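Trainee: Below: one structure in structure tokens.
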Amino acid sequence: MPSPTDLPPHVRRLVDEIESEIGETDVAIDDITGSRGRTHAGDGRDDGRVEAAVREILLEVGEDPDRQGLERTPERVHRMYTELTAGYHVDPERLINNAVFDVAYSEMVIVKDIPFYSLCEHHLLPFFGTAAVAYIPRGRVIGLSKIPRIVEMYARRLQVQERLTQQIAEFLQERLEPQGVGVVIEATHLCAVMRGIRKPGTIMTTSSVLGLFRTRDRTRAEFLDHLARRPPDA
Ligand SMILES: [Zn+2]
């Protein structure tokens, strides 16, 4: 197996893309971020303020930040948060670059079961689940692989599920000016299930519908019908 640096650039790029969807590497973050992201996403601002703050939290909960297991925790937490909030630095122009096409297709396009992980802005705890995104083109379509990236761009921030849902829908509405957009997100919020407010396994569902998805019952019904349908082998 060739070492990562020996890979031809286009293969390296593909590897980076796959890594960015599952992983937490600097390279992957670089790949989806613009130049502004570069300075932030890596080890960026190394003034130690975040580390000092995490150390304070460890002390506050009664821990010894100097014991072996916790020694490097402040640094790891800092790094983790830059990764989990990398979406702030994604350049939407780069993300959709060359992936919008003029196509005379006007049926519903649906991408569903898109996994995502986000952080609730109230507790900084994860919420995660799946997104379904649909639109009806008006002469323009976007490459299918870009849709999970759009979800990722907005998920890797401090969020509330309602806003995440809306931002995805509005992004597609602005960029494609389609006849309509529908987004449904189902997610589990750890701040709720871990603290016992809701029963474990409780799922929150949010939706945002624009254009025909809002005004035409038949369109909305077709969308919801697709979401209820499982693939043949499931
Ligand atoms: Zn929360």
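Chain labels A, B, ... are given in the sequence in which chains occur in the structure tokens; within each chain residues are numbered consecutively from 1, and ligands are likewise numbered from 1 in the order shown.
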Considering only C-alpha atoms, return as a ChimeraX atom specification whatever protein or nucleic-acid residues lie within 10 Å of Ile142 (chain A), sequence-local ones (same chain, fewer than 6 positions apart) excluded.
Mentor: /A:96-103,109,172,175-176
Trainee: Save the residues we just selected, C-alpha atoms, as a PDB file, in the first residue's frame?
Mentor:
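Result file follows (result19.pdb):
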ATOM      1  CA  ILE A  96     -20.850  23.780  -4.233  1.00  0.00           C
ATOM      2  CA  ASN A  97     -18.068  24.650  -6.648  1.00  0.00           C
ATOM      3  CA  ASN A  98     -18.883  23.384 -10.151  1.00  0.00           C
ATOM      4  CA  ALA A  99     -21.651  21.141  -8.896  1.00  0.00           C
ATOM      5  CA  VAL A 100     -24.718  23.085 -10.030  1.00  0.00           C
ATOM      6  CA  PHE A 101     -25.944  21.952 -13.427  1.00  0.00           C
ATOM      7  CA  ASP A 102     -28.610  23.138 -15.837  1.00  0.00           C
ATOM      8  CA  VAL A 103     -30.913  20.167 -16.313  1.00  0.00           C
ATOM      9  CA  VAL A 109     -35.061  14.796  -5.992  1.00  0.00           C
ATOM     10  CA  LEU A 172     -30.903  25.134  -1.303  1.00  0.00           C
ATOM     11  CA  ARG A 175     -28.624  28.545  -4.491  1.00  0.00           C
ATOM     12  CA  LEU A 176     -30.927  26.575  -6.783  1.00  0.00           C
TER      13      LEU A 176
END
Trainee: Distance limit 7 Å, reference ligand 1, atoms considered: only C-alpha atoms and all ligand atoms. Which residues make the cut? Give them as a ChimeraX atom specification.
Mentor: /A:120-125,189,191-192
Trainee: How would the residues just chosen look if you wrote them out with N, CA and C atoms as an mmCIF file, in the first residue's frame?
Mentor:
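Once everything was written out, this is selection_23.cif:
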data_model
loop_
_atom_site.group_PDB
_atom_site.id
_atom_site.type_symbol
_atom_site.label_atom_id
_atom_site.label_comp_id
_atom_site.auth_asym_id
_atom_site.auth_seq_id
_atom_site.Cartn_x
_atom_site.Cartn_y
_atom_site.Cartn_z
ATOM 1 N N CYS A 120 -25.714 20.761 20.598
ATOM 2 C CA CYS A 120 -26.781 21.677 21.004
ATOM 3 C C CYS A 120 -26.147 22.894 21.669
ATOM 4 N N GLU A 121 -26.653 24.051 21.288
ATOM 5 C CA GLU A 121 -26.012 25.279 21.767
ATOM 6 C C GLU A 121 -26.364 25.588 23.219
ATOM 7 N N HIS A 122 -27.337 24.882 23.767
ATOM 8 C CA HIS A 122 -27.713 25.154 25.149
ATOM 9 C C HIS A 122 -26.832 24.420 26.153
ATOM 10 N N HIS A 123 -26.346 23.232 25.753
ATOM 11 C CA HIS A 123 -25.574 22.417 26.700
ATOM 12 C C HIS A 123 -24.213 21.973 26.171
ATOM 13 N N LEU A 124 -23.943 22.283 24.912
ATOM 14 C CA LEU A 124 -22.724 21.786 24.253
ATOM 15 C C LEU A 124 -22.627 20.262 24.290
ATOM 16 N N LEU A 125 -23.781 19.626 24.255
ATOM 17 C CA LEU A 125 -23.809 18.163 24.162
ATOM 18 C C LEU A 125 -24.291 17.783 22.762
ATOM 19 N N HIS A 189 -31.270 13.903 21.276
ATOM 20 C CA HIS A 189 -30.484 14.931 21.967
ATOM 21 C C HIS A 189 -29.960 14.374 23.283
ATOM 22 N N CYS A 191 -28.549 15.872 25.655
ATOM 23 C CA CYS A 191 -28.871 16.720 26.814
ATOM 24 C C CYS A 191 -30.230 16.341 27.382
ATOM 25 N N ALA A 192 -31.101 15.800 26.534
ATOM 26 C CA ALA A 192 -32.409 15.375 27.016
ATOM 27 C C ALA A 192 -32.369 13.953 27.557
#
Trainee: Can you build me a table of region 169-220 of chain A residues sitting at most 9 Å from region 155-161 of chain A, with the closest atom pair per residue and its distance in Å to one decimal, using only C-alpha atoms, sorted by chain and residue number, as CSV?
Mentor:
residue,atom,partner,partner_atom,distance
A:Ile185,CA,A:Gln161,CA,7.7
A:Glu186,CA,A:Gln161,CA,8.8
A:Ala187,CA,A:Gln161,CA,8.0
A:Met204,CA,A:Gln161,CA,8.5
A:Thr205,CA,A:Gln161,CA,8.5
A:Thr206,CA,A:Gln161,CA,7.1
Trainee: Would you give me, as a VMD selection string, the residues in region 49-217 of chain A that DSSP reads as strand (DSSP E or B)?
Mentor: chain A and resid 90 100 to 102 109 to 120 126 to 136 140 to 142 158 to 159 180 to 189 204 to 211
Trainee: Between A:Leu59, A:Val209, A:Val151, A:Ala53, which is the closest to Ala221 (chain A) once you count only C-alpha atoms?
Mentor: A:Val209
Trainee: Could you please determine the separation between CA of Thr165 (chain A) and CA of Thr219 (chain A) in Å, to one decimal place?
Mentor: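 Rounded to one decimal, the two atoms are 18.6 Å apart.
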Trainee: What lies within 10 Å of region 225-231 of chain A using only C-alpha atoms, ignoring chain neighbours under 4 positions off, as a ChimeraX atom specification?
Mentor: /A:110-113,132-134,184,219-221
Trainee: Could you write those residues out with all heavy atoms, as a compact mmCIF listing (two decimals), in the first residue's frame?
Mentor:
# COMPACT_ATOMS: atom_id res chain seq x y z
N ILE A 110 -34.70 13.41 -4.03
CA ILE A 110 -34.67 13.17 -2.58
C ILE A 110 -33.37 12.48 -2.18
O ILE A 110 -32.96 11.50 -2.80
CB ILE A 110 -35.84 12.26 -2.14
CG1 ILE A 110 -37.18 12.88 -2.54
CG2 ILE A 110 -35.81 12.03 -0.63
CD1 ILE A 110 -38.37 12.04 -2.18
N VAL A 111 -32.73 13.00 -1.15
CA VAL A 111 -31.60 12.30 -0.53
C VAL A 111 -31.98 12.11 0.93
O VAL A 111 -32.25 13.09 1.63
CB VAL A 111 -30.29 13.12 -0.63
CG1 VAL A 111 -29.13 12.33 -0.04
CG2 VAL A 111 -30.00 13.47 -2.08
N LYS A 112 -32.03 10.85 1.35
CA LYS A 112 -32.45 10.65 2.74
C LYS A 112 -31.46 9.79 3.51
O LYS A 112 -30.47 9.33 2.96
CB LYS A 112 -33.87 10.08 2.81
CG LYS A 112 -34.05 8.73 2.15
CD LYS A 112 -35.51 8.29 2.33
CE LYS A 112 -35.67 6.83 1.92
NZ LYS A 112 -37.02 6.33 2.19
N ASP A 113 -31.73 9.62 4.80
CA ASP A 113 -30.83 8.86 5.68
C ASP A 113 -29.42 9.45 5.70
O ASP A 113 -28.43 8.72 5.72
CB ASP A 113 -30.79 7.38 5.27
CG ASP A 113 -32.16 6.71 5.34
OD1 ASP A 113 -32.95 7.09 6.24
OD2 ASP A 113 -32.44 5.84 4.50
N ALA A 132 -33.29 14.21 5.89
CA ALA A 132 -33.79 13.93 4.54
C ALA A 132 -33.99 15.27 3.85
O ALA A 132 -34.57 16.18 4.43
CB ALA A 132 -35.10 13.16 4.61
N VAL A 133 -33.46 15.35 2.64
CA VAL A 133 -33.49 16.63 1.92
C VAL A 133 -34.11 16.37 0.55
O VAL A 133 -33.71 15.44 -0.15
CB VAL A 133 -32.07 17.19 1.74
CG1 VAL A 133 -32.09 18.46 0.91
CG2 VAL A 133 -31.42 17.44 3.11
N ALA A 134 -35.09 17.17 0.18
CA ALA A 134 -35.72 17.00 -1.14
C ALA A 134 -35.95 18.36 -1.77
O ALA A 134 -36.10 19.36 -1.08
CB ALA A 134 -37.05 16.27 -0.99
N VAL A 184 -36.43 17.24 6.44
CA VAL A 184 -36.91 16.65 7.68
C VAL A 184 -35.71 16.10 8.44
O VAL A 184 -34.87 15.40 7.86
CB VAL A 184 -37.94 15.52 7.44
CG1 VAL A 184 -38.24 14.77 8.73
CG2 VAL A 184 -39.23 16.08 6.86
N THR A 219 -47.57 17.46 -3.15
CA THR A 219 -46.10 17.43 -3.12
C THR A 219 -45.60 17.03 -1.75
O THR A 219 -44.71 16.19 -1.61
CB THR A 219 -45.55 18.83 -3.47
OG1 THR A 219 -46.03 19.20 -4.76
CG2 THR A 219 -44.03 18.83 -3.47
N ARG A 220 -46.21 17.62 -0.74
CA ARG A 220 -45.79 17.30 0.63
C ARG A 220 -46.07 15.83 0.93
O ARG A 220 -45.26 15.13 1.53
CB ARG A 220 -46.50 18.22 1.61
CG ARG A 220 -45.80 18.31 2.96
CD ARG A 220 -46.34 19.46 3.79
NE ARG A 220 -47.78 19.47 3.88
CZ ARG A 220 -48.55 20.47 3.42
NH1 ARG A 220 -48.02 21.53 2.86
NH2 ARG A 220 -49.86 20.40 3.52
N ALA A 221 -47.22 15.34 0.47
CA ALA A 221 -47.58 13.94 0.70
C ALA A 221 -46.60 13.00 0.00
O ALA A 221 -46.19 11.98 0.56
CB ALA A 221 -49.02 13.69 0.23
Trainee: Considering only C-alpha atoms, return as a list in words whatever protein or nucleic-acid residues lie within 8 Å of Val50 (chain A), sequence-local ones (same chain, fewer than 3 positions apart) excluded.
Mentor: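 Once the adjacent positions are removed, what remains is Ala53, Val54, Pro74 and His78 of chain A.
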Trainee: Measuring between only C-alpha atoms, which one of A:Leu119, A:Val141, A:Val90, A:Val77 shows the shortest distance to Ala104 (chain A)?
Mentor: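 That would be A:Val141, the residue with the smallest distance to Ala104 (chain A).
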Trainee: Would you mind reading off the distance between CA of Thr130 (chain A) and CA of Glu170 (chain A), one decimal, in Å?
Mentor: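 Computed distance, CA of Thr130 (chain A) to CA of Glu170 (chain A), equals 18.1 Å.
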Trainee: Pick the closest to Val193 (chain A) from A:Ser207, A:His89, A:Pro126, A:Leu164: which is it, counting only C-alpha atoms?
Mentor: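 Comparing A:Ser207, A:His89, A:Pro126, A:Leu164 against Val193 (chain A), the winner is A:Pro126.
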Trainee: Near Pro137 (chain A), within 7 Å and counting only C-alpha atoms, which residues show up once chain neighbours fewer than 3 positions away are dropped, as a list in words?
Mentor: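 Once the adjacent positions are removed, what remains is Tyr105, Ser106, Arg140, Val141, Pro178 and Gln179 of chain A.
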